[in-house]
$ cat upload_37.csv   # CSV, C-alpha atoms and all ligand atoms
chain,number,residue,atom,x,y,z
A,1,MET,CA,0.0,0.0,0.0
A,2,LYS,CA,1.4,3.4,-1.0
A,3,ILE,CA,0.3,6.5,0.9
A,4,LEU,CA,1.0,9.7,-0.9
A,5,VAL,CA,1.2,13.1,0.9
A,6,ALA,CA,0.5,15.6,-1.9
A,7,THR,CA,0.8,19.2,-0.6
A,8,ASP,CA,1.5,22.1,-2.8
A,9,LYS,CA,1.8,24.1,0.4
A,10,PRO,CA,4.1,21.8,2.5
A,11,PHE,CA,3.3,20.7,6.1
A,12,ALA,CA,5.9,21.6,8.7
A,13,PRO,CA,8.7,18.9,8.7
A,14,GLU,CA,7.5,17.6,12.1
A,15,ALA,CA,4.1,16.8,10.6
A,16,VAL,CA,5.7,15.1,7.6
A,17,ASN,CA,7.9,13.0,9.8
A,18,GLY,CA,4.9,12.1,12.1
A,19,ILE,CA,2.8,11.0,9.1
A,20,LYS,CA,5.7,9.0,7.7
A,21,GLU,CA,6.2,7.2,11.1
A,22,ILE,CA,2.5,6.2,11.3
A,23,VAL,CA,2.4,5.0,7.7
A,24,GLU,CA,5.6,2.9,8.0
A,25,LYS,CA,4.6,1.5,11.4
A,26,ALA,CA,1.5,0.2,9.7
A,27,GLY,CA,3.7,-1.6,7.1
A,28,MET,CA,2.8,0.8,4.3
A,29,LYS,CA,4.9,2.8,1.9
A,30,PHE,CA,5.2,6.6,2.3
A,31,ALA,CA,5.6,9.0,-0.6
A,32,LEU,CA,5.8,12.8,-0.6
A,33,LEU,CA,5.1,15.4,-3.3
A,34,GLU,CA,5.4,19.0,-2.3
A,35,LYS,CA,5.4,22.4,-4.1
A,36,TYR,CA,4.4,20.8,-7.4
A,37,THR,CA,4.1,23.1,-10.4
A,38,CYS,CA,1.2,21.5,-12.4
A,39,GLN,CA,-1.7,19.1,-12.0
A,40,ASP,CA,0.1,16.6,-14.3
A,41,GLU,CA,2.8,16.2,-11.6
A,42,LEU,CA,0.0,15.5,-9.1
A,43,CYS,CA,-1.6,13.0,-11.5
A,44,LYS,CA,1.7,11.2,-12.0
A,45,ALA,CA,2.5,11.0,-8.3
A,46,ALA,CA,-1.0,9.7,-7.6
A,47,SER,CA,-1.0,7.1,-10.3
A,48,ASP,CA,0.1,4.2,-8.0
A,49,ALA,CA,-1.2,5.6,-4.7
A,50,ASP,CA,-3.7,3.6,-2.6
A,51,ALA,CA,-4.3,6.6,-0.3
A,52,MET,CA,-3.7,10.3,-0.5
A,53,ILE,CA,-3.4,13.1,2.1
A,54,VAL,CA,-4.0,16.6,0.6
A,55,ARG,CA,-4.6,20.1,1.9
A,56,SER,CA,-6.2,22.7,-0.5
A,57,ASP,CA,-4.8,20.7,-3.4
A,58,LYS,CA,-7.3,20.2,-6.2
A,59,VAL,CA,-8.3,16.5,-6.4
A,60,THR,CA,-10.1,16.8,-9.8
A,61,LYS,CA,-11.6,14.1,-11.9
A,62,ASP,CA,-8.3,14.0,-13.8
A,63,VAL,CA,-6.4,13.2,-10.6
A,64,VAL,CA,-9.0,10.6,-9.6
A,65,ASP,CA,-8.9,9.0,-13.0
A,66,ALA,CA,-5.1,8.9,-12.9
A,67,ALA,CA,-5.0,7.3,-9.4
A,68,LYS,CA,-6.0,3.8,-10.5
A,69,ASN,CA,-5.4,2.2,-7.1
A,70,LEU,CA,-6.9,5.0,-5.0
A,71,LYS,CA,-9.2,3.9,-2.2
A,72,ILE,CA,-9.2,6.9,0.1
A,73,VAL,CA,-8.4,10.6,0.0
A,74,VAL,CA,-8.2,12.6,3.2
A,75,ARG,CA,-8.3,16.4,3.1
A,76,ALA,CA,-6.1,17.3,6.1
A,77,GLY,CA,-8.3,20.2,7.2
A,78,ALA,CA,-11.9,21.3,7.3
A,79,GLY,CA,-13.2,22.5,3.9
A,80,TYR,CA,-13.3,19.8,1.2
A,81,ASP,CA,-14.5,21.9,-1.7
A,82,ASN,CA,-11.2,21.1,-3.4
A,83,LEU,CA,-12.2,17.4,-3.8
A,84,ASP,CA,-14.3,16.2,-6.7
A,85,LEU,CA,-16.7,14.2,-4.6
A,86,GLN,CA,-18.7,12.9,-7.5
A,87,ALA,CA,-15.6,11.6,-9.2
A,88,CYS,CA,-14.6,9.9,-5.9
A,89,CYS,CA,-18.1,8.4,-5.5
A,90,ASP,CA,-18.1,7.1,-9.1
A,91,ARG,CA,-14.9,5.1,-8.2
A,92,LYS,CA,-16.1,4.3,-4.7
A,93,ILE,CA,-13.2,6.2,-3.2
A,94,VAL,CA,-13.8,7.3,0.3
A,95,ALA,CA,-13.3,11.0,0.9
A,96,MET,CA,-12.7,12.3,4.5
A,97,ASN,CA,-11.7,15.5,6.2
A,98,THR,CA,-10.2,16.1,9.7
A,99,PRO,CA,-12.6,18.5,11.3
A,100,GLY,CA,-11.4,20.7,14.1
A,101,GLN,CA,-7.7,19.8,13.8
A,102,ASN,CA,-6.5,23.1,12.4
A,103,SER,CA,-9.3,25.3,13.8
A,104,ASN,CA,-7.2,27.1,16.5
A,105,ALA,CA,-4.6,28.3,14.0
A,106,VAL,CA,-7.3,29.8,11.8
A,107,ALA,CA,-9.2,31.4,14.7
A,108,GLU,CA,-6.0,33.0,16.0
A,109,LEU,CA,-5.3,34.4,12.5
A,110,ALA,CA,-8.8,35.8,12.3
A,111,ILE,CA,-8.3,37.7,15.6
A,112,ALA,CA,-4.8,38.9,14.4
A,113,MET,CA,-6.3,40.2,11.2
A,114,MET,CA,-9.0,42.2,13.2
A,115,ILE,CA,-6.3,43.8,15.3
A,116,PHE,CA,-4.1,44.5,12.2
A,117,MET,CA,-7.0,46.3,10.5
A,118,ALA,CA,-8.0,48.1,13.7
A,119,ARG,CA,-4.4,49.5,13.9
A,120,GLY,CA,-4.3,50.7,10.3
A,121,GLN,CA,-2.1,47.7,9.2
A,122,PHE,CA,0.4,48.6,11.9
A,123,ASN,CA,0.7,52.1,10.9
A,124,PRO,CA,1.4,54.3,14.0
A,125,VAL,CA,-1.6,56.7,13.6
A,126,ALA,CA,-4.4,56.4,16.2
A,127,GLY,CA,-6.2,53.2,15.5
A,128,THR,CA,-9.1,51.6,17.4
A,129,GLU,CA,-9.5,48.7,19.9
A,130,LEU,CA,-11.5,45.5,19.7
A,131,LYS,CA,-12.8,46.0,23.3
A,132,GLY,CA,-16.4,47.0,23.4
A,133,LYS,CA,-17.0,46.4,19.7
A,134,ASN,CA,-19.5,44.0,18.2
A,135,LEU,CA,-18.2,40.9,16.6
A,136,GLY,CA,-20.5,38.9,14.3
A,137,ILE,CA,-19.6,35.3,13.8
A,138,HIS,CA,-21.0,34.0,10.5
A,139,ALA,CA,-21.3,30.2,11.1
A,140,TYR,CA,-20.6,28.9,14.6
A,141,GLY,CA,-18.6,25.7,13.8
A,142,ASN,CA,-15.1,24.6,15.0
A,143,VAL,CA,-13.4,27.9,13.9
A,144,GLY,CA,-16.3,30.3,14.5
A,145,SER,CA,-16.8,29.2,18.1
A,146,LEU,CA,-13.1,29.7,18.9
A,147,VAL,CA,-13.1,33.2,17.3
A,148,ALA,CA,-16.1,33.9,19.4
A,149,LYS,CA,-14.3,32.8,22.6
A,150,TYR,CA,-11.2,34.8,21.8
A,151,GLY,CA,-13.4,37.8,20.9
A,152,LYS,CA,-15.0,37.6,24.3
A,153,ALA,CA,-11.6,37.6,25.9
A,154,PHE,CA,-10.9,40.9,24.1
A,155,GLY,CA,-14.0,42.3,25.6
A,156,MET,CA,-16.1,42.2,22.4
A,157,ASN,CA,-19.8,41.7,22.3
A,158,VAL,CA,-20.2,38.5,20.4
A,159,TYR,CA,-23.1,37.7,18.1
A,160,ALA,CA,-23.5,34.7,15.9
A,161,PHE,CA,-25.7,33.6,13.0
A,162,ASP,CA,-25.8,29.9,12.3
A,163,PRO,CA,-29.1,28.1,11.4
A,164,TYR,CA,-27.5,24.7,12.1
A,165,ALA,CA,-26.1,25.6,15.6
A,166,LYS,CA,-27.9,24.5,18.7
A,167,PRO,CA,-29.3,27.5,20.6
A,168,GLU,CA,-28.3,26.0,23.9
A,169,VAL,CA,-24.7,25.7,22.9
A,170,LEU,CA,-24.5,29.4,22.0
A,171,LYS,CA,-26.3,30.3,25.1
A,172,ASN,CA,-23.9,28.3,27.2
A,173,ASP,CA,-21.0,30.0,25.5
A,174,GLY,CA,-22.4,33.5,26.2
A,175,ILE,CA,-23.0,34.3,22.6
A,176,ILE,CA,-26.0,36.3,21.4
A,177,GLN,CA,-27.7,34.3,18.7
A,178,VAL,CA,-29.4,36.2,15.8
A,179,ASN,CA,-31.9,34.7,13.5
A,180,THR,CA,-30.8,36.2,10.1
A,181,ALA,CA,-27.6,37.1,8.4
A,182,GLU,CA,-29.1,40.6,7.9
A,183,GLU,CA,-29.4,41.1,11.6
A,184,LEU,CA,-25.8,39.9,12.2
A,185,TYR,CA,-24.4,42.3,9.6
A,186,GLU,CA,-26.4,45.2,11.0
A,187,LYS,CA,-24.9,44.7,14.4
A,188,ALA,CA,-21.3,43.8,13.6
A,189,ASP,CA,-18.4,46.2,13.7
A,190,TYR,CA,-16.4,43.0,12.7
A,191,ILE,CA,-17.7,40.1,10.7
A,192,SER,CA,-15.6,36.9,10.9
A,193,LEU,CA,-16.6,34.5,8.1
A,194,HIS,CA,-16.7,30.8,8.7
A,195,ILE,CA,-19.2,29.5,6.1
A,196,PRO,CA,-18.1,26.7,3.8
A,197,SER,CA,-18.1,27.1,0.1
A,198,THR,CA,-21.2,25.4,-1.3
A,199,PRO,CA,-23.6,26.2,-4.2
A,200,GLU,CA,-25.8,28.0,-1.6
A,201,THR,CA,-23.0,30.2,-0.1
A,202,LYS,CA,-21.2,31.1,-3.3
A,203,ASN,CA,-21.4,34.9,-3.8
A,204,SER,CA,-23.7,35.2,-0.8
A,205,ILE,CA,-21.7,37.9,1.0
A,206,ASN,CA,-23.0,40.6,-1.4
A,207,ARG,CA,-23.5,44.3,-1.5
A,208,ALA,CA,-27.0,44.2,0.1
A,209,LEU,CA,-25.7,42.3,3.1
A,210,VAL,CA,-22.4,44.1,3.6
A,211,ASN,CA,-24.1,47.5,3.2
A,212,ARG,CA,-26.0,46.8,6.4
A,213,MET,CA,-22.8,47.0,8.4
A,214,PRO,CA,-22.2,50.0,10.6
A,215,LYS,CA,-19.8,52.8,9.8
A,216,GLY,CA,-16.1,51.8,10.0
A,217,ALA,CA,-16.9,48.0,9.9
A,218,THR,CA,-14.5,45.3,8.9
A,219,ILE,CA,-15.0,41.9,7.2
A,220,VAL,CA,-12.4,39.2,8.0
A,221,ASN,CA,-12.4,36.3,5.6
A,222,THR,CA,-10.5,33.2,6.7
A,223,ALA,CA,-13.1,30.9,5.0
A,224,ARG,CA,-13.3,30.8,1.2
A,225,LYS,CA,-12.9,33.4,-1.5
A,226,ASP,CA,-15.9,32.4,-3.5
A,227,VAL,CA,-18.4,33.1,-0.7
A,228,ILE,CA,-17.7,36.8,-1.3
A,229,ASN,CA,-19.2,38.6,-4.2
A,230,GLU,CA,-16.0,40.5,-4.9
A,231,VAL,CA,-17.4,42.7,-7.7
A,232,GLU,CA,-20.2,44.0,-5.5
A,233,LEU,CA,-17.9,44.3,-2.4
A,234,LEU,CA,-15.2,46.3,-4.3
A,235,GLU,CA,-17.9,48.6,-5.8
A,236,LEU,CA,-19.4,49.2,-2.3
A,237,MET,CA,-15.9,49.8,-0.8
A,238,LYS,CA,-15.3,52.5,-3.4
A,239,GLU,CA,-18.5,54.2,-2.4
A,240,ARG,CA,-18.4,53.6,1.3
A,241,THR,CA,-14.9,54.7,2.2
A,242,ASP,CA,-15.3,53.5,5.8
A,243,LEU,CA,-15.5,49.8,5.0
A,244,LYS,CA,-12.5,47.4,5.4
A,245,TYR,CA,-11.9,43.9,4.1
A,246,ALA,CA,-9.1,41.6,5.2
A,247,THR,CA,-8.8,38.2,3.6
A,248,ASP,CA,-6.6,35.1,3.9
A,249,ILE,CA,-7.4,34.0,0.4
A,250,ALA,CA,-6.0,36.2,-2.4
A,251,ALA,CA,-8.8,38.1,-4.2
A,252,ASP,CA,-9.4,37.8,-7.9
A,253,LEU,CA,-10.0,41.5,-8.3
A,254,ASP,CA,-7.6,44.3,-7.8
A,255,PHE,CA,-8.5,46.1,-4.6
A,256,THR,CA,-5.5,48.5,-4.8
A,257,GLU,CA,-7.8,51.5,-5.2
A,258,VAL,CA,-9.2,51.1,-1.7
A,259,GLY,CA,-5.7,51.3,-0.2
A,260,THR,CA,-5.1,50.1,3.3
A,261,ARG,CA,-8.8,49.3,3.8
A,262,PHE,CA,-8.0,46.1,2.1
A,263,PHE,CA,-5.5,43.4,3.1
A,264,ALA,CA,-4.7,40.0,1.8
A,265,THR,CA,-2.1,37.6,3.2
A,266,PRO,CA,0.6,36.7,0.7
A,267,LYS,CA,-0.5,33.0,0.6
A,268,LYS,CA,-3.4,31.3,2.5
A,269,MET,CA,-1.9,30.8,5.9
A,270,GLY,CA,-4.8,30.4,8.4
A,271,ALA,CA,-3.9,26.7,9.1
A,272,GLN,CA,-0.2,27.2,8.5
A,273,THR,CA,1.2,26.6,12.0
A,274,LYS,CA,3.3,23.7,13.2
A,275,GLU,CA,0.6,22.7,15.6
A,276,ALA,CA,-2.2,22.7,13.1
A,277,ASN,CA,0.0,20.8,10.5
A,278,LEU,CA,0.8,18.2,13.2
A,279,ASN,CA,-2.8,17.8,14.3
A,280,ALA,CA,-4.4,17.6,10.9
A,281,GLY,CA,-1.6,15.6,9.3
A,282,ILE,CA,-1.4,13.0,12.1
A,283,ALA,CA,-5.2,12.7,12.2
A,284,ALA,CA,-5.3,12.2,8.4
A,285,ALA,CA,-2.6,9.4,8.6
A,286,ASN,CA,-4.4,7.6,11.4
A,287,GLN,CA,-7.7,7.8,9.6
A,288,ILE,CA,-6.1,6.3,6.5
A,289,VAL,CA,-4.5,3.4,8.4
A,290,GLU,CA,-7.8,2.8,10.3
A,291,PHE,CA,-9.7,2.7,7.1
A,292,LEU,CA,-7.3,0.5,5.2
A,293,THR,CA,-6.8,-2.0,8.1
A,294,GLN,CA,-10.2,-2.0,9.8
A,295,GLY,CA,-12.6,-0.3,7.4
A,296,VAL,CA,-13.3,2.7,9.8
A,297,THR,CA,-15.2,5.4,7.9
A,298,LYS,CA,-15.7,8.0,10.6
A,299,PHE,CA,-15.2,11.4,9.0
A,300,GLN,CA,-16.3,10.2,5.6
A,301,VAL,CA,-17.8,13.2,3.7
A,302,ASN,CA,-19.1,11.4,0.6
A,303,LYS,CA,-21.8,8.8,0.3
A,304,PHE,CA,-22.1,6.1,-2.3
B,401,LIG,C1,-9.2,24.3,5.9
B,401,LIG,O1,-10.3,24.2,5.2
B,401,LIG,O2,-8.9,23.4,6.7
B,401,LIG,C2,-8.4,25.5,5.8
B,401,LIG,O3,-8.9,26.3,4.8
B,401,LIG,C3,-6.9,25.3,5.7
B,401,LIG,O4,-6.5,25.0,4.4
B,401,LIG,P1,-5.0,24.6,4.0
B,401,LIG,O5,-4.7,23.3,4.6
B,401,LIG,O6,-4.9,24.7,2.5
B,401,LIG,O7,-4.1,25.6,4.7

$ encode --input "upload_37.csv" --output "C-alpha cells" --more "lines below"
Ligand code: 3PG
Amino acid sequence: MKILVATDKPFAPEAVNGIKEIVEKAGMKFALLEKYTCQDELCKAASDADAMIVRSDKVTKDVVDAAKNLKIVVRAGAGYDNLDLQACCDRKIVAMNTPGQNSNAVAELAIAMMIFMARGQFNPVAGTELKGKNLGIHAYGNVGSLVAKYGKAFGMNVYAFDPYAKPEVLKNDGIIQVNTAEELYEKADYISLHIPSTPETKNSINRALVNRMPKGATIVNTARKDVINEVELLELMKERTDLKYATDIAADLDFTEVGTRFFATPKKMGAQTKEANLNAGIAAANQIVEFLTQGVTKFQVNKF
C-alpha cells in the first residue's frame, strides 16, 4: 500500500515525519510530493497511490482517473470543496476531512487580522481597539466558536448567526444568537466569516448584506474566496470609504484602489502553523490506516 502526501503548500517537517512514522509503522509505503508546479505532476504521483493526504490541493476528476489504485483521500483540514466528490463516488473512493484539527490556528489568525486592520495595518496613527466592539460570527462551527471565545476575551460583544447551531450551545458560550444574516451584519463592527463554500453560499456575501454593516466596519475572511461577491464588495468599498476587508485568500479582483482598507495575506496561511499541521496531518494518517486496516469510515464526507 502506498500512501501519498501531496501538498502544494508543505506541512511543517515535524508533521511530515509524524505521518511517515504512522504509515511505516502500519507496514505501508510513504511518498511525498510538495510544491508541485502543475496538475500533471500530481496525477503522475497519484498514479500508483492507494491513499492520499492533501490540503487545499485540487483533487479533480483527472487526478481521480489517474489514481487507478486510490481507495481513500483525506483532506487534512476542514473545507473539502477542493475534492471532486462525484468523481470519488463514481470510483467508490472514500473522501474524508479532519474537522477541528486546524481550527485554533485559523481562529488566531482571524483575531490577528482584526487587530491588524484596527491598527491601520500597523501604521502608527491612532487606530481603534477591539474592546467594546460588536463581533459577528458568520457560522458557529469549530473555527467560529473559537473566534467567538477569543473575541469575548478581548471584551467584544459577540453575536452569531448559524441556522445549524444548537441555541443552547451558543447560550452556554455566552453568545448572542441572531436569526438572520441581515441582523448579524447590522450589528457587527467586525464580521468573521466561517461558512463553507457550497452552491448556496457562493457569492452570498454581497452588496446588500455588507451595506447593512455600521460605519467603519471590517470583514475578515478566513473561510473561502468564492463566498464573497467580490465585484459588489469592491464597488461598495469605493462608495463607502469606511469599510474594510481583510482576507486570507487572495482576491481575484484588484483592490489597490481602496488602499489600506484592504489586506490579503501573501498566501493562504490560516492553518499554517506547526501545531495545526501536526494535528491535521497525524489525524489524516491515522484515519487512512484505520480505514485500510479496519474499514473505519468515521469522518467520511461522501456517500455512495
Ligand atoms: C481548511 O479548510 O482546513 C483551511 O482552509 C486550511 O487550508 P490549508 O490546509 O490549505 O491551509

$ residues_near_ligand --input "upload_37.csv" --ligand "ligand LIG 401 (chain B)" --cutoff "7 Å" --atoms "only C-alpha atoms and all ligand atoms" --output "count of residues only"
14

$ residues_around --input "upload_37.csv" --residues "A:Val94" --least-positions-apart "2" --cutoff "10 Å" --atoms "only C-alpha atoms" --output "PyMOL selection string"
chain A and resi 51+70-74+85+88-89+91-92+96+288+291+297+299-304

$ closest_residue --input "upload_37.csv" --among "A:Asp50, A:Glu108, A:Asp57, A:Asp8" --to "A:Thr273" --atoms "only C-alpha atoms"
A:Glu108

$ closest_residue --input "upload_37.csv" --among "A:Lys267, A:Asn221, A:Leu33, A:Arg75" --to "A:Ala283" --atoms "only C-alpha atoms"
A:Arg75

$ atom_distance --input "upload_37.csv" --atom1 "atom CA of A:Tyr185" --atom2 "atom CA of A:Met213"
5.1 Å

$ residues_around --input "upload_37.csv" --residues "stretch 232-238 of chain A" --least-positions-apart "4" --cutoff "9 Å" --atoms "only C-alpha atoms" --output "list in words"
Ile205, Asn206, Arg207, Ala208, Val210, Asn211, Ile228, Asp242, Leu243, Lys244, Tyr245, Leu253, Asp254, Phe255, Glu257, Val258 and Arg261 of chain A

$ closest_residue --input "upload_37.csv" --among "A:Gly141, A:Gly155, A:Pro10, A:Gly120" --to "A:Ala107" --atoms "only C-alpha atoms"
A:Gly141

$ residues_near_point --input "upload_37.csv" --point "(-14.3, 46.7, 21.8)" --cutoff "12 Å" --atoms "only C-alpha atoms" --output "PyMOL selection string"
chain A and resi 114-115+118+128-135+151-158+188-190

$ atom_distance --input "upload_37.csv" --atom1 "atom CA of A:Ala160" --atom2 "atom CA of A:Gly259"
29.2 Å

$ closest_residue --input "upload_37.csv" --among "A:Met28, A:Val23, A:Ile53, A:Ala276" --to "A:Ala6" --atoms "only C-alpha atoms"
A:Ile53

$ closest_residue --input "upload_37.csv" --among "A:Lys225, A:Lys149, A:Arg240, A:His194" --to "A:Gly174" --atoms "all atoms listed in the file"
A:Lys149

$ atom_distance --input "upload_37.csv" --atom1 "atom CA of A:Lys68" --atom2 "atom CA of A:Asp48"
6.6 Å

$ residues_around --input "upload_37.csv" --residues "A:Pro266" --least-positions-apart "2" --cutoff "12 Å" --atoms "all atoms listed in the file" --output "PyMOL selection string"
chain A and resi 246-251+263-264+268-270

$ closest_residue --input "upload_37.csv" --among "A:Val289, A:Ala46, A:Ile191, A:Ala280" --to "A:Ala139" --atoms "only C-alpha atoms"
A:Ile191

$ residues_around --input "upload_37.csv" --residues "A:Asp173" --least-positions-apart "3" --cutoff "9 Å" --atoms "only C-alpha atoms" --output "list in words"
Ser145, Ala148, Lys149, Glu168, Val169 and Leu170 of chain A
